[in-house]
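Reading through the C-alpha cells given below for one structure.
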Amino acid sequence: MVTYRLYRSGIHDATLTFQSDGVLFRERNVMTNEWDDQVSLTDTQTKALEDYYHINPREIWERLDEYRNIFQTEKQQVVTSWGAVYHRLEQDKSVWVERKKKFPLDIVLADGEPVAFICPSRINCSVLVKEGYEANTPIKLWDHPKVSKATYGIEHLGSFMVAMRDHIRLATDVWVPSKLEGPKPVILVRTPYGRMIYKRSYVDFIQRGYVVVIQDTRGRQDSEGEWLPMYSEIEDGDDTLNWIAEQPWCNGNIGMVGASYGGYVQWAAAASGNPHLKALVSIVTAGSPFIDIPRKGGTFVSGTLAWAFAMAEKEFKPENMLRTDWDDVLNTRPLRNIPKNALGKEVPFWNEWMAHPAKDDFWSKSDWYQYKANIKVPAMIISGWYDDNGMGTTEALEVVQDYADNDKKIILGPWMHDANTTRDIQGVAFGNNALRYDMDFYYLQWFDRKLKGINNGIDGGPIVEYYVIGENKWVTAKQWPPENVEWTNMYVSSKSSAKSSYGDGTLLFDSSVQEGYDEFVYDPENPAPHLIDLSENEIGVPANYKEVEEREDVLVYTSAPLDKPITIAGDIYVKIFASSSAKDTDWIVRLTDVDPKGNSIQLVDGVFCARFRKGFEREILLEPNKVEEYVIRTSKIANTFKKGHRIRLTITSSADNYIFPNSNTGKDPATDIDFLKAKQRVYHQGNHLSYVQLPIIK
C-alpha cells in the first residue's frame with residue numbers, strides 16, 4: 001500500500017492510496033475546505049481527475065511496476081511499453097521528462113523509485129507525490145513564508161446580471177472565501193467561452209483569500225447583447241470594474257488574469273484608465289486587429305476560421321473546429337459566404353468583419369493599443385515564440401517598456417498559444433527544460449505583491465526571463481529586447497538578376513550585394529503552403545520549410561555556413577523593395593534556421609497586404625511594376641544559430657491556411673471571386689537594398 005497526495009497550484013486537493021486490488025480516493029471539499037470520506041476510485045472520478053489535473057491516477061497505479069523498473073538505467077532516453085518517450089533532465093538527474101506529448105507526465109525519482117508525477121500547463125501545475133516527498137517537487141515552492149496560504153473554503157455568492165452603461169446586462173458570478181471577514185482583493189476573469197467552464201480554474205485564488213469574479217462577455221453564454229468579438233471590451237471592462245469596486249466584499253484592489261481573449265480583455269479594461277485595476281497577469285494575449293488578428297498586416301487571416309466557427313453561436317462549440325474539409329472551406333469564394341456554405345448559416349460578426357475592408361471606426365473600437373497612454377497597471381506578461389497571438393504580446397511589451405522595473409515581469413518561452421504544455425511542436429524538439437513548473441506560483445506572487453502588498457520579492461528579481469532556442473537555456477534580461485542587443489542588417493543578394501535555381505540567393509552581413517532583382521510569378525490559385533493543421537487552432541507553430549522553399553514562387557536567401565554561433569533575441573524587421581504587376585498583392589517573409597542537413601526550421605514570419613503600405617486606414621492600390629518600400633515586422637524570437645548552420649530569409653506572396661490568398665485584382669476581398677497571376681520582383685540595387693534586421697546578442 002502506497003499513499004500519494006494530489007496537489008494543484010500547491011494545494012493538497014486529494015489523497016490516493018494504491019493497493020494491490022485498486023485505488024482508494026479521498027477528496028477535499030473545496031466549498032467547506034474539509035475532507036470527504038474515502039471511497040474506491042470510480043471510472044467517473046478517474047476521468048474527472050484526468051480532465052482537471054491532466055493526471056490519471058489509475059493509469060499510474062497500473063503502470064507503477066514498469067515506472068519502478070524502466071528508469072533504473074544509465075541511459076538518457078527510455079521508451080515505455082505503451083510508447084511514452086522519456087528523457088533524463090540534464091539539470092536534475094532525478095527527473096525524467098516526457099517528450100512528444102501535450103500535457104506530459106514528468107516523473108521524479110528518489111530512493112530508487114518514482115515518488116512524484118508532474119504535469120505543467122499555462123495556468124496550473126499538478127503534482128501527484130508520495131507522502132513525505134513533497135520537497136522533491138515544485139510543491140516546495142509554496143512553502144515560501146510570504147505567500148498567501150490556502151486556508152479558506154469557498155462560498156458562491158450567486159449569479160448577477162451586471163448592467164453596462166448602455167443597459168445591456170452581463171452574467172457575472174461571484175465566489176468569495178468562506179466566512180469572509182471584511183472586504184478582500186478581487187481577481188476578475190472575463191471570457192467569451194462560458195464563465196462556468198472556469199468555475200474550478202481559479203479556486204486556488206479563492207482558497208488563498210481572494211474574491212474571484214467570472215463574467216460572460218457581451219453576447220456570450222448568459223450575457224445579453226450582440227456578440228462582436230473585441231468590440232465592446234474597453235467600456236464593458238471599465239463598467240464591470242466599477243461595479244466590483246462598489247461591492248462590500250471588494251477592498252478596492254482588483255486584478256485580472258486570463259489567456260488569449262482573456263488576456264485581450266485585461267488590456268482593454270486597462271485602456272479605460274480605470275483606477276481600481278491594480279494588476280494584470282496577461283497570458284498569450286490577443287492584440288489590435290491589424291497588428292494581430294483577424295486582419296494581421298491588412299490581410300484576412302484564414303487561420304482564425306476554426307476559432308470563428310467555434311464562436312459562431314452564443315455558446316462556445318469547440319467541435320466546430322474539427323473538420324476534414326478545410327481545403328474546400330478555404331477555397332470558398334466570395335469570402336463573405338464561407339460561414340453560410342460551411343455551417344449552413346450566417347455568422348453576424350463575420351459579416352461585420354467582411355463589411356470593413358480597411359481600419360475604420362469599427363476596427364478602432366477593438367484597438368486597445370491606441371489608448372496605451374492610459375495604461376499604467378503593473379503587468380506580468382507571458383507568451384511564447386510560436387504563439388499565434390504573439391503580436392498582441394508585442395504590443396503589451398511596448399506598453400510596459402517605460403514602466404518602473406518593479407511593475408513588470410516578462411516570461412517568454414519556446415511555446416505555442418497553448419503555452420507551457422509540450423516540448424515538441426510539429427516535429428521540432430526543444431530542450432528538456434522547455435517547460436516550467438513555477439508559472440502558477442509566479443501568478444500568485446504577483447497578485448500577492450500588487451493586491452495584498454506582500455513584499456515577496458517577485459518584483460525585485462529579473463524583469464525578463466526568456467528561452468534561447470538552439471542553446472536550449474533560460475536567460476534573464478533587464479528589458480525586452482535585451483539590453484545587449486546590437487541591431488545588424490543582413491542584405492539580400494543573388495548571383496544573377498533573376499532566380500535561376502533553388503537556393504541561388506544569398507544573405508550578406510555587408511551591403512556589397514550582387515545588384516539586380518529576383519522575380520517569381522504568384523498564382524493565387526496555387527498558393528505556397530503555411531505548414532499547420534487548421535483544426536488544431538495553432539497557426540504560429542514552427543515547421544520544416546525545406547520542401548516549400550523548392551517552389552518557384554518562393555525566393556530563398558541564405559547565408560554562408562556560420563564560422564561561430566550567432567544568437568538573436570528580439571523582434572525581426574524585414575525591409576524589402578518590391579514591385580508587382582498587380583494592383584494589390586501580399587508579401588510574406590519568413591526567417592529560418594538551416595542545419596547542415598538542409599532542414600529549414602521556421603523561427604518567425606510576417607505578412608503584409610500591399611494596399612495598406614501607407615497605413616491601415618486607407619487603401620491605395622499599386623501602380624503596376626512600380627517599386628515600393630515595405631517594412632514588415634515579425635513576431636519575437638530568441639535563437640542561437642549554431643556553428644555550421646545558416647541563416648535564411650524567404651520571400652513569397654502567399655501562406656495558404658494562414659491567410660487567404662490575395663486575388664491580386666485590387667477588388668474588395670470580401671466579395672471578389674476573380675484571380676490574377678502577378679509577376680513579383682524583389683530588388684537589391686542602389687538605393688533599393690532589401691535586408692533583414694537582426695537583434696544580435698553581443
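Naming works like this for the C-alpha cells: A, B, ... for the chains as they're shown, residue 1 at the start of each chain, ligands 1 onward in shown order.
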
Next item on the list: Can you pull out every residue within 9 Å of Trp363 of chain A, counting only C-alpha atoms, but drop anything in the same chain fewer than 2 positions away, and send it as number ranges by chain?
Entry: A: 231, 288-290, 353, 356, 358-361, 365-367

Counting only C-alpha atoms, what is within 8 Å of segment 34-46 of chain A, bar same-chain residues fewer than 3 positions away, as a PDB file with N, CA, C and O atoms, in the first residue's frame?
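What ended up in out-v2.pdb:
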```pdb
ATOM      1  N   GLY A  22      -6.693  -2.146  -6.128  1.00  0.00           N
ATOM      2  CA  GLY A  22      -7.332  -0.942  -6.623  1.00  0.00           C
ATOM      3  C   GLY A  22      -6.822   0.317  -5.948  1.00  0.00           C
ATOM      4  O   GLY A  22      -5.829   0.292  -5.203  1.00  0.00           O
ATOM      5  N   VAL A  23      -7.520   1.419  -6.197  1.00  0.00           N
ATOM      6  CA  VAL A  23      -7.100   2.720  -5.692  1.00  0.00           C
ATOM      7  C   VAL A  23      -8.200   3.294  -4.812  1.00  0.00           C
ATOM      8  O   VAL A  23      -9.370   3.360  -5.218  1.00  0.00           O
ATOM      9  N   LEU A  24      -7.816   3.725  -3.626  1.00  0.00           N
ATOM     10  CA  LEU A  24      -8.741   4.418  -2.732  1.00  0.00           C
ATOM     11  C   LEU A  24      -8.561   5.925  -2.920  1.00  0.00           C
ATOM     12  O   LEU A  24      -7.450   6.417  -3.139  1.00  0.00           O
ATOM     13  N   PHE A  25      -9.663   6.660  -2.792  1.00  0.00           N
ATOM     14  CA  PHE A  25      -9.667   8.080  -3.143  1.00  0.00           C
ATOM     15  C   PHE A  25     -10.364   8.876  -2.045  1.00  0.00           C
ATOM     16  O   PHE A  25     -11.462   8.522  -1.593  1.00  0.00           O
ATOM     17  N   ARG A  26      -9.680   9.929  -1.610  1.00  0.00           N
ATOM     18  CA  ARG A  26     -10.292  10.840  -0.640  1.00  0.00           C
ATOM     19  C   ARG A  26     -10.046  12.264  -1.116  1.00  0.00           C
ATOM     20  O   ARG A  26      -8.905  12.640  -1.397  1.00  0.00           O
ATOM     21  N   GLU A  27     -11.107  13.049  -1.203  1.00  0.00           N
ATOM     22  CA  GLU A  27     -11.030  14.378  -1.810  1.00  0.00           C
ATOM     23  C   GLU A  27     -11.381  15.453  -0.797  1.00  0.00           C
ATOM     24  O   GLU A  27     -12.247  15.265   0.057  1.00  0.00           O
ATOM     25  N   ARG A  28     -10.696  16.602  -0.949  1.00  0.00           N
ATOM     26  CA  ARG A  28     -11.044  17.760  -0.125  1.00  0.00           C
ATOM     27  C   ARG A  28     -12.238  18.469  -0.764  1.00  0.00           C
ATOM     28  O   ARG A  28     -12.233  18.742  -1.972  1.00  0.00           O
ATOM     29  N   ASN A  29     -13.242  18.762   0.010  1.00  0.00           N
ATOM     30  CA  ASN A  29     -14.382  19.535  -0.473  1.00  0.00           C
ATOM     31  C   ASN A  29     -13.967  21.006  -0.531  1.00  0.00           C
ATOM     32  O   ASN A  29     -13.721  21.629   0.506  1.00  0.00           O
ATOM     33  N   VAL A  30     -13.856  21.551  -1.735  1.00  0.00           N
ATOM     34  CA  VAL A  30     -13.336  22.914  -1.853  1.00  0.00           C
ATOM     35  C   VAL A  30     -14.298  23.934  -1.263  1.00  0.00           C
ATOM     36  O   VAL A  30     -13.882  25.039  -0.892  1.00  0.00           O
ATOM     37  N   LEU A  49     -10.565  13.528 -12.815  1.00  0.00           N
ATOM     38  CA  LEU A  49      -9.211  13.881 -12.387  1.00  0.00           C
ATOM     39  C   LEU A  49      -8.301  14.117 -13.597  1.00  0.00           C
ATOM     40  O   LEU A  49      -7.504  15.061 -13.607  1.00  0.00           O
ATOM     41  N   GLU A  50      -8.420  13.271 -14.598  1.00  0.00           N
ATOM     42  CA  GLU A  50      -7.581  13.430 -15.789  1.00  0.00           C
ATOM     43  C   GLU A  50      -7.908  14.728 -16.524  1.00  0.00           C
ATOM     44  O   GLU A  50      -7.013  15.433 -17.001  1.00  0.00           O
ATOM     45  N   ASN A  56      -3.752  10.875 -14.608  1.00  0.00           N
ATOM     46  CA  ASN A  56      -4.676   9.755 -14.455  1.00  0.00           C
ATOM     47  C   ASN A  56      -4.115   8.798 -13.396  1.00  0.00           C
ATOM     48  O   ASN A  56      -3.230   7.986 -13.676  1.00  0.00           O
ATOM     49  N   PRO A  57      -4.607   8.875 -12.156  1.00  0.00           N
ATOM     50  CA  PRO A  57      -4.041   8.041 -11.072  1.00  0.00           C
ATOM     51  C   PRO A  57      -4.182   6.547 -11.330  1.00  0.00           C
ATOM     52  O   PRO A  57      -3.306   5.767 -10.947  1.00  0.00           O
ATOM     53  N   ARG A  58      -5.280   6.148 -11.967  1.00  0.00           N
ATOM     54  CA  ARG A  58      -5.466   4.711 -12.194  1.00  0.00           C
ATOM     55  C   ARG A  58      -4.422   4.179 -13.170  1.00  0.00           C
ATOM     56  O   ARG A  58      -3.869   3.088 -12.964  1.00  0.00           O
TER      57      ARG A  58
END
```

Notebook entry, point to check: Counting only C-alpha atoms, which of A:Asn433, A:Ile214, A:Met161, A:Phe316 gets nearest to Val97 of chain A?
Noted result: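 So, comparing all the options, the nearest one is A:Asn433.
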
Next item on the list: Could you give me, as number ranges by chain, the residues within 12 Å of Leu305 of chain A, counting only C-alpha atoms and dropping anything in the same chain fewer than 4 positions from it?
Entry: A: 293-294, 300-301, 309-312, 318, 320-323, 326-327, 329-330, 335, 338-339, 342-343, 347, 350, 533-539, 657-660

Next item on the list: Please identify all polymer residues within 9 Å of Val203 of chain A, counting only C-alpha atoms, omitting same-chain residues fewer than 4 positions from it, and present them as a PyMOL selection string.
Entry: chain A and resi 30+154+175+199+207-208+212

Mind writing the picked residues with N, CA, C and O atoms as a PDB file, in the first residue's frame?
```pdb
ATOM      1  N   VAL A  30     -13.856  21.551  -1.735  1.00  0.00           N
ATOM      2  CA  VAL A  30     -13.336  22.914  -1.853  1.00  0.00           C
ATOM      3  C   VAL A  30     -14.298  23.934  -1.263  1.00  0.00           C
ATOM      4  O   VAL A  30     -13.882  25.039  -0.892  1.00  0.00           O
ATOM      5  N   ILE A 154     -14.910  27.858   0.138  1.00  0.00           N
ATOM      6  CA  ILE A 154     -15.437  28.723  -0.923  1.00  0.00           C
ATOM      7  C   ILE A 154     -16.943  28.887  -0.761  1.00  0.00           C
ATOM      8  O   ILE A 154     -17.662  27.921  -0.465  1.00  0.00           O
ATOM      9  N   TRP A 175     -17.470  34.494  -6.366  1.00  0.00           N
ATOM     10  CA  TRP A 175     -17.039  33.453  -5.447  1.00  0.00           C
ATOM     11  C   TRP A 175     -16.145  34.101  -4.392  1.00  0.00           C
ATOM     12  O   TRP A 175     -15.198  34.801  -4.732  1.00  0.00           O
ATOM     13  N   LYS A 199     -15.176  27.780 -13.573  1.00  0.00           N
ATOM     14  CA  LYS A 199     -15.546  27.890 -12.157  1.00  0.00           C
ATOM     15  C   LYS A 199     -14.570  27.153 -11.242  1.00  0.00           C
ATOM     16  O   LYS A 199     -14.460  27.481 -10.066  1.00  0.00           O
ATOM     17  N   GLN A 207      -9.258  30.066  -2.322  1.00  0.00           N
ATOM     18  CA  GLN A 207      -8.765  29.372  -1.132  1.00  0.00           C
ATOM     19  C   GLN A 207      -7.647  30.155  -0.446  1.00  0.00           C
ATOM     20  O   GLN A 207      -7.411  29.992   0.747  1.00  0.00           O
ATOM     21  N   ARG A 208      -6.966  31.007  -1.202  1.00  0.00           N
ATOM     22  CA  ARG A 208      -5.869  31.799  -0.643  1.00  0.00           C
ATOM     23  C   ARG A 208      -6.299  33.232  -0.288  1.00  0.00           C
ATOM     24  O   ARG A 208      -5.456  34.099  -0.089  1.00  0.00           O
ATOM     25  N   VAL A 212     -13.098  35.927  -6.364  1.00  0.00           N
ATOM     26  CA  VAL A 212     -12.975  35.714  -7.802  1.00  0.00           C
ATOM     27  C   VAL A 212     -14.311  36.007  -8.470  1.00  0.00           C
ATOM     28  O   VAL A 212     -15.354  35.490  -8.047  1.00  0.00           O
TER      29      VAL A 212
END
```

Check: Contacts of Trp487 of chain A at 8 Å or less, counting only C-alpha atoms, minus same-chain residues fewer than 6 places along, as a ChimeraX atom specification?
Finding: /A:693-696

Next item on the list: Choose the residue, out of A:Ile254, A:Val129, A:Ala578, A:Met230, that has the smallest atom-to-atom separation from Pro624 of chain A; count only C-alpha atoms.
Entry: A:Ala578

Checklist line | Shortest interatomic distance to Pro138 of chain A - which of A:Arg169, A:Phe441, A:Glu66, A:Phe18, counting only C-alpha atoms | finding: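 For Pro138 of chain A, the nearest of the candidates is A:Phe441.
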
Check: as a PyMOL selection string, which residues of segment 190-299 of chain A does DSSP assign to strand (DSSP E)?
Finding: chain A and resi 190-191+211-216+250-259+277-283

Checklist line | Using only C-alpha atoms: which of A:Asp21, A:Asp584, A:Asp459, A:Asp605 has the shortest distance to Gln680 of chain A | finding: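 With only C-alpha atoms as the atom set, the closest residue is A:Asp584.
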
What lies within 10 Å of His688 of chain A using only C-alpha atoms, ignoring chain neighbours under 2 positions off, as a PDB file with C-alpha atoms, in the first residue's frame?
```pdb
ATOM      1  CA  GLU A 515      22.875  44.178 -57.725  1.00  0.00           C
ATOM      2  CA  GLY A 516      19.644  43.453 -59.504  1.00  0.00           C
ATOM      3  CA  TYR A 517      16.319  41.903 -58.670  1.00  0.00           C
ATOM      4  CA  LYS A 575      12.703  45.824 -45.329  1.00  0.00           C
ATOM      5  CA  ILE A 576      12.070  44.956 -48.952  1.00  0.00           C
ATOM      6  CA  PHE A 577      11.870  46.997 -52.095  1.00  0.00           C
ATOM      7  CA  ALA A 578       9.451  45.231 -54.368  1.00  0.00           C
ATOM      8  CA  VAL A 627       8.955  49.809 -56.877  1.00  0.00           C
ATOM      9  CA  GLU A 628       7.556  50.273 -53.360  1.00  0.00           C
ATOM     10  CA  GLU A 629       9.147  50.042 -49.932  1.00  0.00           C
ATOM     11  CA  VAL A 682      12.317  41.976 -55.049  1.00  0.00           C
ATOM     12  CA  TYR A 683      15.167  44.456 -55.549  1.00  0.00           C
ATOM     13  CA  HIS A 684      18.703  44.671 -54.184  1.00  0.00           C
ATOM     14  CA  GLN A 685      20.362  47.510 -56.003  1.00  0.00           C
ATOM     15  CA  GLY A 686      21.418  51.137 -55.497  1.00  0.00           C
ATOM     16  CA  SER A 690      16.432  44.808 -49.256  1.00  0.00           C
ATOM     17  CA  TYR A 691      17.532  43.402 -45.916  1.00  0.00           C
TER      18      TYR A 691
END
```
